[in-house]
$ cat model.cif   # mmCIF, C-alpha atoms
data_structure
#
loop_
_atom_site.label_atom_id
_atom_site.label_comp_id
_atom_site.auth_asym_id
_atom_site.auth_seq_id
_atom_site.Cartn_x
_atom_site.Cartn_y
_atom_site.Cartn_z
CA MET A 66 0.00 0.00 0.00
CA ARG A 67 1.32 3.44 -0.91
CA PRO A 68 2.07 5.42 2.26
CA LEU A 69 0.34 8.66 3.12
CA TRP A 70 2.52 11.44 1.79
CA LYS A 71 2.64 15.14 1.19
CA LEU A 72 4.32 17.06 -1.61
CA CYS A 73 5.65 20.53 -0.84
CA PHE A 74 6.82 23.13 -3.33
CA PHE A 75 9.56 25.28 -1.83
CA PHE A 76 10.38 28.87 -2.65
CA LEU A 77 14.02 29.35 -1.65
CA CYS A 78 14.39 32.75 -0.05
CA VAL A 79 18.18 32.94 -0.06
CA GLY A 80 19.33 32.28 -3.60
CA ARG A 81 22.11 32.85 -6.05
CA ALA A 82 21.07 36.44 -6.63
CA ALA A 83 22.27 37.22 -3.13
CA ALA A 84 25.84 37.58 -4.34
CA LEU A 85 27.52 37.11 -7.70
CA VAL A 86 31.04 37.79 -6.55
CA GLY A 87 32.39 34.25 -6.87
CA ASN A 88 35.85 32.98 -6.13
CA GLY A 89 36.01 30.15 -8.64
CA VAL A 90 33.59 27.45 -9.70
CA PRO A 91 33.43 23.86 -8.45
CA PRO A 92 34.74 21.04 -10.65
CA LYS A 93 32.41 18.44 -12.15
CA ASP A 94 33.24 15.82 -9.51
CA PHE A 95 32.98 18.25 -6.61
CA MET A 96 29.97 16.48 -5.08
CA LEU A 97 31.90 13.21 -4.99
CA GLN A 98 34.74 15.03 -3.25
CA LEU A 99 32.30 16.43 -0.69
CA ILE A 100 30.88 12.97 0.02
CA GLU A 101 34.34 11.49 0.59
CA ARG A 102 35.17 14.39 2.87
CA LYS A 103 31.92 13.81 4.77
CA LYS A 104 32.83 10.15 5.37
CA TYR A 105 36.01 11.37 7.06
CA GLU A 106 34.04 13.86 9.17
CA VAL A 107 31.60 11.14 10.24
CA ALA A 108 34.48 8.92 11.35
CA LYS A 109 35.76 11.79 13.51
CA LEU A 110 32.26 12.33 14.93
CA GLU A 111 31.99 8.68 15.92
CA ARG A 112 35.31 8.87 17.74
CA SER A 113 34.50 12.14 19.52
CA HIS A 114 31.09 10.85 20.68
CA ALA A 115 32.15 7.29 21.55
CA ASP A 116 31.44 7.63 25.29
CA PRO A 117 28.25 5.63 26.07
CA THR A 118 26.97 8.54 28.19
CA ASP A 119 27.52 11.14 25.46
CA PRO A 120 24.15 12.81 24.59
CA VAL A 121 24.73 12.31 20.85
CA LYS A 122 25.61 8.65 21.36
CA LEU A 123 22.51 8.17 23.51
CA ARG A 124 20.27 9.65 20.81
CA VAL A 125 21.63 7.16 18.28
CA GLY A 126 21.28 4.17 20.57
CA TYR A 127 17.85 4.65 22.13
CA VAL A 128 14.29 5.13 20.90
CA SER A 129 12.92 8.61 21.62
CA ASP A 130 9.91 8.70 23.96
CA SER A 131 8.30 11.43 21.84
CA SER A 132 8.00 12.48 18.21
CA SER A 133 8.17 15.97 16.77
CA TYR A 134 6.00 17.07 13.85
CA ALA A 135 7.10 20.69 13.89
CA VAL A 136 8.14 20.61 10.23
CA THR A 137 4.78 19.18 9.14
CA ARG A 138 2.90 21.81 11.17
CA ALA A 139 5.02 24.61 9.72
CA LEU A 140 4.48 23.45 6.14
CA ARG A 141 0.82 22.48 6.35
CA LEU A 142 -1.46 24.24 3.89
CA PHE A 143 -4.94 25.04 5.12
CA THR A 144 -8.22 26.87 4.53
CA LEU A 145 -10.12 27.90 7.64
CA GLY A 146 -12.98 30.32 7.09
CA GLU A 147 -11.63 33.42 5.42
CA GLU A 148 -8.05 32.56 6.40
CA SER A 149 -5.97 30.29 4.20
CA ARG A 150 -2.40 29.43 3.31
CA ARG A 151 -1.91 28.00 -0.14
CA VAL A 152 1.88 28.21 -0.32
CA SER A 153 4.50 27.32 2.27
CA VAL A 154 7.76 29.24 2.06
CA VAL A 155 11.14 27.72 2.93
CA GLY A 156 14.36 29.70 3.24
CA ASP A 157 17.60 27.97 2.24
CA LEU A 158 20.33 29.56 4.37
CA LYS A 159 23.83 29.17 2.88
CA ARG A 160 26.93 31.13 1.97
CA LEU A 161 28.29 28.88 -0.77
CA SER A 162 26.80 26.53 -3.34
CA PRO A 163 28.57 23.57 -4.96
CA THR A 164 25.69 22.69 -7.26
CA ALA A 165 26.45 24.35 -10.58
CA PRO A 166 29.92 24.09 -12.16
CA ASN A 167 29.34 27.17 -14.33
CA MET A 168 28.14 29.57 -11.65
CA PRO A 169 29.94 31.41 -8.83
CA ARG A 170 30.20 29.53 -5.54
CA THR A 171 29.51 32.50 -3.26
CA VAL A 172 25.76 33.08 -2.85
CA GLY A 173 25.56 34.91 0.49
CA THR A 174 27.79 36.97 2.76
CA PHE A 175 25.85 37.06 6.05
CA ALA A 176 27.83 36.78 9.29
CA ASP A 177 25.04 36.07 11.79
CA ALA A 178 22.87 33.13 10.72
CA GLY A 179 20.44 33.73 13.57
CA ALA A 180 19.87 37.35 12.54
CA ARG A 181 19.39 36.33 8.91
CA SER A 182 16.85 33.67 9.88
CA GLU A 183 14.97 36.27 11.93
CA GLU A 184 14.70 38.37 8.76
CA LEU A 185 13.37 35.38 6.83
CA PHE A 186 10.75 34.55 9.44
CA LYS A 187 9.63 38.19 9.51
CA MET A 188 9.24 38.08 5.73
CA GLY A 189 6.94 35.08 6.04
CA ALA A 190 9.19 32.02 5.82
CA ASN A 191 7.57 29.01 7.45
CA VAL A 192 10.73 26.90 7.55
CA VAL A 193 14.41 27.84 7.45
CA MET A 194 16.88 25.23 6.25
CA VAL A 195 20.38 25.76 7.65
CA ASN A 196 23.28 24.39 5.63
CA THR A 197 25.85 23.11 8.12
CA ASP A 198 28.55 21.70 5.83
CA SER A 199 31.55 24.04 5.93
CA PHE A 200 33.49 23.07 2.82
CA GLY A 201 30.61 22.82 0.36
CA TRP A 202 28.08 25.33 1.69
CA GLY A 203 30.04 27.55 4.08
CA GLY A 204 27.96 26.63 7.12
CA SER A 205 28.50 25.13 10.56
CA MET A 206 26.71 23.61 13.52
CA GLU A 207 27.18 26.98 15.22
CA ASP A 208 24.95 28.45 12.50
CA LEU A 209 22.30 25.85 13.33
CA SER A 210 22.49 26.66 17.04
CA SER A 211 22.24 30.37 16.28
CA VAL A 212 19.13 29.90 14.14
CA THR A 213 17.35 27.60 16.61
CA ARG A 214 18.14 30.04 19.42
CA ALA A 215 16.77 32.95 17.36
CA LYS A 216 13.60 30.96 16.67
CA ARG A 217 13.05 30.24 20.38
CA GLU A 218 13.62 33.89 21.30
CA ARG A 219 11.22 35.03 18.59
CA GLU A 220 8.51 32.63 19.80
CA LYS A 221 9.02 33.87 23.36
CA ARG A 222 8.63 37.52 22.29
CA LEU A 223 5.48 36.77 20.33
CA LYS A 224 3.99 34.94 23.31
CA GLU A 225 4.82 37.79 25.68
CA ASP A 226 3.19 40.25 23.26
CA GLY A 227 0.08 38.09 23.02
CA VAL A 228 0.60 37.44 19.33
CA GLU A 229 -0.31 34.04 17.92
CA GLY A 230 2.24 33.48 15.17
CA SER A 231 2.18 30.76 12.54
CA PRO A 232 4.18 27.61 13.36
CA THR A 233 7.78 27.73 12.16
CA ALA A 234 10.55 25.16 12.00
CA VAL A 235 14.32 24.92 11.57
CA VAL A 236 15.77 22.12 9.46
CA CYS A 237 19.38 20.96 9.27
CA LYS A 238 20.59 20.57 5.69
CA ASP A 239 23.83 18.67 5.19
CA LEU A 240 25.26 15.67 3.39
CA ILE A 241 23.80 13.32 5.96
CA ILE A 242 25.11 9.79 5.49
CA HIS A 243 25.06 8.46 9.07
CA PRO A 244 22.60 8.51 12.01
CA ILE A 245 25.15 10.26 14.23
CA GLN A 246 24.76 13.38 12.08
CA VAL A 247 21.01 13.37 12.73
CA ALA A 248 21.65 13.01 16.46
CA LEU A 249 24.16 15.87 16.43
CA ALA A 250 21.74 18.14 14.56
CA LEU A 251 19.00 17.39 17.10
CA GLU A 252 21.38 18.22 19.93
CA HIS A 253 21.77 21.64 18.30
CA GLY A 254 18.02 22.16 18.42
CA CYS A 255 16.72 21.52 14.90
CA ASP A 256 13.19 20.28 14.17
CA GLY A 257 14.14 18.01 11.27
CA VAL A 258 16.79 17.14 8.71
CA VAL A 259 17.19 16.94 4.94
CA LEU A 260 18.14 13.60 3.36
CA LEU A 261 19.39 13.53 -0.24
CA ALA A 262 18.07 10.52 -2.14
CA SER A 263 20.74 10.88 -4.82
CA VAL A 264 23.50 10.70 -2.21
CA LEU A 265 22.08 7.96 0.01
CA GLY A 266 20.69 5.54 -2.56
CA PRO A 267 19.86 2.26 -0.77
CA LYS A 268 20.95 3.78 2.57
CA LEU A 269 17.96 6.14 2.49
CA GLU A 270 15.82 3.54 4.29
CA ASP A 271 18.30 3.30 7.18
CA LEU A 272 18.41 7.08 7.61
CA LEU A 273 14.61 7.39 7.49
CA ASP A 274 14.39 4.70 10.16
CA ALA A 275 16.99 6.54 12.24
CA CYS A 276 14.94 9.74 12.08
CA THR A 277 11.83 7.86 13.22
CA ILE A 278 13.71 6.27 16.11
CA MET A 279 15.05 9.65 17.20
CA GLY A 280 11.58 11.21 17.01
CA THR A 281 12.28 13.71 14.24
CA GLU A 282 11.15 14.36 10.68
CA ALA A 283 13.04 14.05 7.41
CA ILE A 284 12.60 16.05 4.24
CA VAL A 285 13.76 13.84 1.36
CA GLU A 286 15.23 15.68 -1.62
CA VAL A 287 14.53 13.96 -4.93
CA HIS A 288 15.53 14.82 -8.48
CA THR A 289 13.96 12.11 -10.65
CA PRO A 290 10.60 10.29 -10.73
CA ASN A 291 12.41 7.09 -9.73
CA GLU A 292 13.89 8.77 -6.65
CA ALA A 293 10.46 10.13 -5.72
CA GLU A 294 8.83 6.72 -6.12
CA TYR A 295 11.57 5.04 -4.11
CA ALA A 296 11.32 7.58 -1.29
CA LEU A 297 7.54 7.14 -1.12
CA GLU A 298 7.86 3.36 -1.02
CA LEU A 299 10.15 3.75 2.00
CA GLY A 300 7.55 5.87 3.79
CA ALA A 301 8.91 9.38 3.21
CA MET A 302 6.27 11.91 4.23
CA ILE A 303 7.78 15.15 2.87
CA LEU A 304 9.47 15.46 -0.51
CA MET A 305 11.57 18.36 -1.77
CA LEU A 306 11.89 18.48 -5.55
CA ASN A 307 15.20 19.76 -6.92
CA ASN A 308 15.68 20.55 -10.61
CA TRP A 309 19.46 20.55 -10.12
CA ASP A 310 21.14 17.22 -10.78
CA ARG A 311 23.64 16.98 -7.92
CA THR A 312 25.74 14.37 -9.70
CA ASP A 313 26.76 16.63 -12.60
CA GLY A 314 25.48 20.09 -11.65
CA GLU A 315 23.07 20.31 -14.60
CA LEU A 316 19.82 22.28 -14.32
CA MET A 317 16.87 20.32 -15.72
CA ILE A 318 13.96 22.75 -15.58
CA LEU A 319 11.33 20.32 -16.86
CA MET A 320 12.22 17.57 -14.38
CA LEU A 321 9.60 18.88 -11.94
CA ASN A 322 6.87 18.13 -14.47
CA ASN A 323 7.90 14.47 -14.51
#
$ encode --input "model.cif" --output "structure tokens"
Amino acid sequence: MRPLWKLCFFFLCVGRAAALVGNGVPPKDFMLQLIERKKYEVAKLERSHADPTDPVKLRVGYVSDSSSYAVTRALRLFTLGEESRRVSVVGDLKRLSPTAPNMPRTVGTFADAGARSEELFKMGANVVMVNTDSFGWGGSMEDLSSVTRAKREREKRLKEDGVEGSPTAVVCKDLIIHPIQVALALEHGCDGVVLLASVLGPKLEDLLDACTIMGTEAIVEVHTPNEAEYALELGAMILMLNNWDRTDGELMILMLNN
């Protein structure tokens, strides 16, 4: 039986137009280089969180006693009386982009990720995705902590002012290839993570299971109809469609229609 699923169209608030002052373009095999580098980073993470009492290690090894659906609530479209929301807006927070070999890498020059996310939420973003890979996207876990802290402070201010704001969420976006990365992101306060179907391949099922065990949500990025079908068969609830082919950096505008 096909699982219940939801398809979300994302408008990326922080895009390439943010800055066209590049410092070189990535080579064709840059994504493969990033994946190999990520394997090395994961090995270091496993060593640094090897203590059985480490909070990250505990998240990986035990089933969460609760589940968060903050991402689903933030993205949900609705019509209630005269009030409705027909489009959910997601901001993609990054300084660099490795996607296109023929475009500049620098796409943003912000210093304070938390302050930038506050701007996005004020402009109506429902979800902010924080790129935490340093080499490929110019981000860090400190950026994720800054954004989640800014979100909590914003919610506190709205509550004190008696304002009922729309639900918002913060999502960690990285080359996630191991459950320990999900656990680390949750320790930094995120509401969910992004999983790339093109990167994970058959390992996507293991990472989706890991997210369920840790009580968080996963947004699965897909590029082809086969990837979308595969993700749905595995029980993915939220899909993000990307016209960029991450394997070769080609933009395929009509892929969304497929």
$ residues_around --input "model.cif" --residues "A:Glu111" --least-positions-apart "4" --cutoff "9 Å" --atoms "all atoms listed in the file" --output "number ranges by chain"
A: 106-107, 115, 122, 245
$ resolve_selection --input "model.cif" --expression "the PyMOL selection byres ((chain A and resi 154-156) around 12)" --output "PyMOL selection string"
chain A and resi 73-80+136+139-142+150-153+157-159+178+181-196+212+231-238+284+305
$ write_last_selection --input "model.cif" --atoms "C-alpha atoms" --output "PDB file, keeping the file's coordinate frame"
ATOM      1  CA  CYS A  73       5.650  20.530  -0.840  1.00  0.00           C
ATOM      2  CA  PHE A  74       6.820  23.130  -3.330  1.00  0.00           C
ATOM      3  CA  PHE A  75       9.560  25.280  -1.830  1.00  0.00           C
ATOM      4  CA  PHE A  76      10.380  28.870  -2.650  1.00  0.00           C
ATOM      5  CA  LEU A  77      14.020  29.350  -1.650  1.00  0.00           C
ATOM      6  CA  CYS A  78      14.390  32.750  -0.050  1.00  0.00           C
ATOM      7  CA  VAL A  79      18.180  32.940  -0.060  1.00  0.00           C
ATOM      8  CA  GLY A  80      19.330  32.280  -3.600  1.00  0.00           C
ATOM      9  CA  VAL A 136       8.140  20.610  10.230  1.00  0.00           C
ATOM     10  CA  ALA A 139       5.020  24.610   9.720  1.00  0.00           C
ATOM     11  CA  LEU A 140       4.480  23.450   6.140  1.00  0.00           C
ATOM     12  CA  ARG A 141       0.820  22.480   6.350  1.00  0.00           C
ATOM     13  CA  LEU A 142      -1.460  24.240   3.890  1.00  0.00           C
ATOM     14  CA  ARG A 150      -2.400  29.430   3.310  1.00  0.00           C
ATOM     15  CA  ARG A 151      -1.910  28.000  -0.140  1.00  0.00           C
ATOM     16  CA  VAL A 152       1.880  28.210  -0.320  1.00  0.00           C
ATOM     17  CA  SER A 153       4.500  27.320   2.270  1.00  0.00           C
ATOM     18  CA  ASP A 157      17.600  27.970   2.240  1.00  0.00           C
ATOM     19  CA  LEU A 158      20.330  29.560   4.370  1.00  0.00           C
ATOM     20  CA  LYS A 159      23.830  29.170   2.880  1.00  0.00           C
ATOM     21  CA  ALA A 178      22.870  33.130  10.720  1.00  0.00           C
ATOM     22  CA  ARG A 181      19.390  36.330   8.910  1.00  0.00           C
ATOM     23  CA  SER A 182      16.850  33.670   9.880  1.00  0.00           C
ATOM     24  CA  GLU A 183      14.970  36.270  11.930  1.00  0.00           C
ATOM     25  CA  GLU A 184      14.700  38.370   8.760  1.00  0.00           C
ATOM     26  CA  LEU A 185      13.370  35.380   6.830  1.00  0.00           C
ATOM     27  CA  PHE A 186      10.750  34.550   9.440  1.00  0.00           C
ATOM     28  CA  LYS A 187       9.630  38.190   9.510  1.00  0.00           C
ATOM     29  CA  MET A 188       9.240  38.080   5.730  1.00  0.00           C
ATOM     30  CA  GLY A 189       6.940  35.080   6.040  1.00  0.00           C
ATOM     31  CA  ALA A 190       9.190  32.020   5.820  1.00  0.00           C
ATOM     32  CA  ASN A 191       7.570  29.010   7.450  1.00  0.00           C
ATOM     33  CA  VAL A 192      10.730  26.900   7.550  1.00  0.00           C
ATOM     34  CA  VAL A 193      14.410  27.840   7.450  1.00  0.00           C
ATOM     35  CA  MET A 194      16.880  25.230   6.250  1.00  0.00           C
ATOM     36  CA  VAL A 195      20.380  25.760   7.650  1.00  0.00           C
ATOM     37  CA  ASN A 196      23.280  24.390   5.630  1.00  0.00           C
ATOM     38  CA  VAL A 212      19.130  29.900  14.140  1.00  0.00           C
ATOM     39  CA  SER A 231       2.180  30.760  12.540  1.00  0.00           C
ATOM     40  CA  PRO A 232       4.180  27.610  13.360  1.00  0.00           C
ATOM     41  CA  THR A 233       7.780  27.730  12.160  1.00  0.00           C
ATOM     42  CA  ALA A 234      10.550  25.160  12.000  1.00  0.00           C
ATOM     43  CA  VAL A 235      14.320  24.920  11.570  1.00  0.00           C
ATOM     44  CA  VAL A 236      15.770  22.120   9.460  1.00  0.00           C
ATOM     45  CA  CYS A 237      19.380  20.960   9.270  1.00  0.00           C
ATOM     46  CA  LYS A 238      20.590  20.570   5.690  1.00  0.00           C
ATOM     47  CA  ILE A 284      12.600  16.050   4.240  1.00  0.00           C
ATOM     48  CA  MET A 305      11.570  18.360  -1.770  1.00  0.00           C
TER      49      MET A 305
END
$ resolve_selection --input "model.cif" --expression "the PyMOL selection byres ((chain A and resi 246-259) around 8)" --output "ChimeraX atom specification"
/A:107,120-122,124-125,133-136,206,209-210,213-214,234-239,241-245,260-261,275-276,279,281-286
$ atom_distance --input "model.cif" --atom1 "atom CA of A:Leu161" --atom2 "atom CA of A:Ser211"
18.2 Å
$ closest_residue --input "model.cif" --among "A:Met168, A:Ile303, A:Leu240, A:Leu297" --to "A:Lys104" --atoms "only C-alpha atoms"
A:Leu240
$ atom_distance --input "model.cif" --atom1 "atom CA of A:Phe95" --atom2 "atom CA of A:Ser205"
19.0 Å
$ resolve_selection --input "model.cif" --expression "the PyMOL selection byres ((chain A and resi 306) around 7)" --output "tab-separated table (two decimals) with C-alpha atoms, keeping the file's coordinate frame"
chain	number	residue	atom	x	y	z
A	286	GLU	CA	15.23	15.68	-1.62
A	287	VAL	CA	14.53	13.96	-4.93
A	288	HIS	CA	15.53	14.82	-8.48
A	304	LEU	CA	9.47	15.46	-0.51
A	305	MET	CA	11.57	18.36	-1.77
A	307	ASN	CA	15.20	19.76	-6.92
A	308	ASN	CA	15.68	20.55	-10.61
A	321	LEU	CA	9.60	18.88	-11.94
$ atom_distance --input "model.cif" --atom1 "atom CA of A:Asn291" --atom2 "atom CA of A:Glu315"
17.7 Å
$ closest_residue --input "model.cif" --among "A:Leu272, A:Ala215, A:Leu97, A:Val128" --to "A:Thr312" --atoms "all atoms listed in the file"
A:Leu97
$ residues_near_point --input "model.cif" --point "(14.3, 2.5, -4.8)" --cutoff "12 Å" --atoms "only C-alpha atoms" --output "count of residues only"
22
$ build_atoms --input "model.cif" --residues "stretch 209-220 of chain A" --atoms "all heavy atoms" --output "CSV table (one decimal), in the frame of the given file"
chain,number,residue,atom,x,y,z
A,209,LEU,N,23.5,26.5,13.0
A,209,LEU,CA,22.3,25.8,13.3
A,209,LEU,C,21.9,26.2,14.7
A,209,LEU,O,20.7,26.6,15.0
A,209,LEU,CB,22.5,24.3,13.2
A,209,LEU,CG,21.2,23.5,13.5
A,209,LEU,CD1,20.1,23.8,12.6
A,209,LEU,CD2,21.6,22.0,13.4
A,210,SER,N,22.8,26.3,15.7
A,210,SER,CA,22.5,26.7,17.0
A,210,SER,C,22.0,28.1,17.1
A,210,SER,O,21.1,28.4,17.8
A,210,SER,CB,23.7,26.5,17.9
A,210,SER,OG,24.1,25.2,18.1
A,211,SER,N,22.6,29.0,16.3
A,211,SER,CA,22.2,30.4,16.3
A,211,SER,C,20.8,30.5,15.8
A,211,SER,O,20.0,31.3,16.3
A,211,SER,CB,23.2,31.2,15.4
A,211,SER,OG,22.8,32.5,15.3
A,212,VAL,N,20.5,29.8,14.7
A,212,VAL,CA,19.1,29.9,14.1
A,212,VAL,C,18.1,29.3,15.1
A,212,VAL,O,17.0,29.9,15.3
A,212,VAL,CB,19.1,29.2,12.8
A,212,VAL,CG1,17.6,29.2,12.2
A,212,VAL,CG2,20.0,29.9,11.8
A,213,THR,N,18.3,28.2,15.7
A,213,THR,CA,17.4,27.6,16.6
A,213,THR,C,17.2,28.5,17.8
A,213,THR,O,16.0,28.6,18.3
A,213,THR,CB,17.8,26.2,17.1
A,213,THR,OG1,19.1,26.2,17.6
A,213,THR,CG2,17.8,25.2,15.9
A,214,ARG,N,18.2,29.1,18.3
A,214,ARG,CA,18.1,30.0,19.4
A,214,ARG,C,17.3,31.3,19.0
A,214,ARG,O,16.5,31.7,19.8
A,214,ARG,CB,19.5,30.5,19.9
A,214,ARG,CG,19.6,31.3,21.1
A,214,ARG,CD,21.0,31.4,21.7
A,214,ARG,NE,21.9,31.9,20.7
A,214,ARG,CZ,22.9,31.1,20.2
A,214,ARG,NH1,23.0,29.8,20.5
A,214,ARG,NH2,23.8,31.6,19.3
A,215,ALA,N,17.5,31.8,17.8
A,215,ALA,CA,16.8,33.0,17.4
A,215,ALA,C,15.3,32.6,17.2
A,215,ALA,O,14.4,33.4,17.6
A,215,ALA,CB,17.3,33.4,16.0
A,216,LYS,N,15.0,31.4,16.8
A,216,LYS,CA,13.6,31.0,16.7
A,216,LYS,C,12.9,30.9,18.0
A,216,LYS,O,11.8,31.4,18.2
A,216,LYS,CB,13.5,29.6,16.0
A,216,LYS,CG,12.2,29.0,15.9
A,216,LYS,CD,12.2,27.6,15.2
A,216,LYS,CE,10.9,26.9,15.3
A,216,LYS,NZ,10.6,26.3,16.7
A,217,ARG,N,13.6,30.3,19.0
A,217,ARG,CA,13.0,30.2,20.4
A,217,ARG,C,12.8,31.6,21.0
A,217,ARG,O,11.8,31.9,21.6
A,217,ARG,CB,14.0,29.5,21.3
A,217,ARG,CG,14.0,28.0,21.0
A,217,ARG,CD,14.7,27.2,22.1
A,217,ARG,NE,16.0,27.7,22.4
A,217,ARG,CZ,17.1,27.2,21.9
A,217,ARG,NH1,17.0,26.2,21.0
A,217,ARG,NH2,18.3,27.7,22.2
A,218,GLU,N,13.8,32.5,20.8
A,218,GLU,CA,13.6,33.9,21.3
A,218,GLU,C,12.5,34.6,20.6
A,218,GLU,O,11.7,35.4,21.3
A,218,GLU,CB,14.9,34.6,21.1
A,218,GLU,CG,16.1,34.1,22.0
A,218,GLU,CD,17.4,34.8,21.7
A,218,GLU,OE1,17.5,35.5,20.7
A,218,GLU,OE2,18.4,34.5,22.4
A,219,ARG,N,12.3,34.4,19.3
A,219,ARG,CA,11.2,35.0,18.6
A,219,ARG,C,9.9,34.5,19.1
A,219,ARG,O,8.9,35.3,19.3
A,219,ARG,CB,11.4,34.7,17.1
A,219,ARG,CG,10.3,35.3,16.2
A,219,ARG,CD,10.6,35.1,14.7
A,219,ARG,NE,9.5,35.7,13.9
A,219,ARG,CZ,8.4,35.1,13.6
A,219,ARG,NH1,8.1,33.9,14.0
A,219,ARG,NH2,7.5,35.8,12.8
A,220,GLU,N,9.8,33.2,19.3
A,220,GLU,CA,8.5,32.6,19.8
A,220,GLU,C,8.2,33.2,21.2
A,220,GLU,O,7.0,33.4,21.5
A,220,GLU,CB,8.6,31.1,19.8
A,220,GLU,CG,8.7,30.5,18.4
A,220,GLU,CD,9.0,29.0,18.4
A,220,GLU,OE1,9.4,28.5,19.5
A,220,GLU,OE2,8.7,28.3,17.4
